[in-house]
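**Q** Just dropping this structure here.
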Amino acid sequence: IECPNKKISWSGAAGYSNKEEKTKIKINQPVLIASNTKTFVASTILRLAEEKKLLLTATIDNYLSEKTKSLLKNSGYNIRYIKIAHLLSHTSGINNYADSPEFKENIQLNPNYKWSRDEQIELAILKMNKIGNAGEKYSYSDTNYLLLSEIIEKVTNLKYYAAIRKLID
């Protein structure tokens with residue numbers, strides 16, 4: 001846990017990285033924390049909306065990198081209809097990279113691998129089928145929150161974690 005403004009720096013670990021073998025988790029061991037960070041990402045998006053720096057009803061086409069926009073468009077997504085609110089509420093129609101066979105296999109084979117946001121977005125978009133059109137169906141997707149982190153960076157010109165710290169500290 002790092003909170004420089006409050007002079008807090010703490011590391012700790014409890015539990016097992018492998019329950020069957022009773023292998024204890026180490027302090028610096030990579031872990032999947034995506035769902036734990038969703039609250040912070042959502043709060044930051046809501047703060048940006050509160051500050052009138054974005055609208056929740058805005059479509060994502062003006063907020064994503066050219067690379068991400070191209071990936072989505074070339075895979076059949078109409079980004080002029082996917083709204084920020086769809087990403088927040090898991091109704092974007094974009095699949096969850098964490099459900100892809102490639103992701104699950106790579107986690108087993110190389111548990112210490114540090115995935116980039118782009119790699120995870122590519123898995124969801126290039127390797128998985130579209131769930132549906134925006135607003136049609138709820139489907140939990142970590143990919144939505146990766147896209148939200150990209151939006152935070154575009155709007156604030158900060159890394160998303162720095163923006164979170166600045167906006168909700």
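Residues are named by chain letter and number: chains run A, B, ... in the order of the structure tokens, numbers start at 1 in each chain, and ligands are numbered from 1 in the order shown.
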Give me the residues within 9 Å of segment 101-103 of chain A as a ChimeraX atom specification, counting only C-alpha atoms and dropping any in the same chain fewer than 4 places off.
**A** /A:97,107-108,120,123,127
**Q** Could you tell me, as a PyMOL selection string, which residues of chain A DSSP assigns to strand (DSSP E or B) when given the backbone?
**A** chain A and resi 2-3+8-9+16-18+23-24+59+83
**Q** Work out how far apart atom CA of Ser92 of chain A and atom CA of Ile79 of chain A are and give it in Å to one decimal.
**A** 9.5 Å
**Q** With distances taken over only C-alpha atoms, which of A:Ile152, A:Leu72, A:Ile27, A:Leu88 is nearest to Asn129 of chain A?
**A**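 Result for the nearest residue to Asn129 of chain A: A:Leu72.
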**Q** Give me the residues near Tyr81 of chain A as a VMD selection string, where near means some atom within 10 Å (using only C-alpha atoms) and where sequence neighbours in that chain fewer than 3 positions away do not count.
**A** chain A and resid 57 to 61 77 to 78 84 86 92 133 to 135
**Q** Give the answer as one residue: which of A:Asn74, A:Asn28, A:Asn144, A:Asn157 has the shortest atom-to-atom distance to Ala98 of chain A, using only C-alpha atoms?
**A**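 Ranked by minimum distance to Ala98 of chain A, first place goes to A:Asn144.
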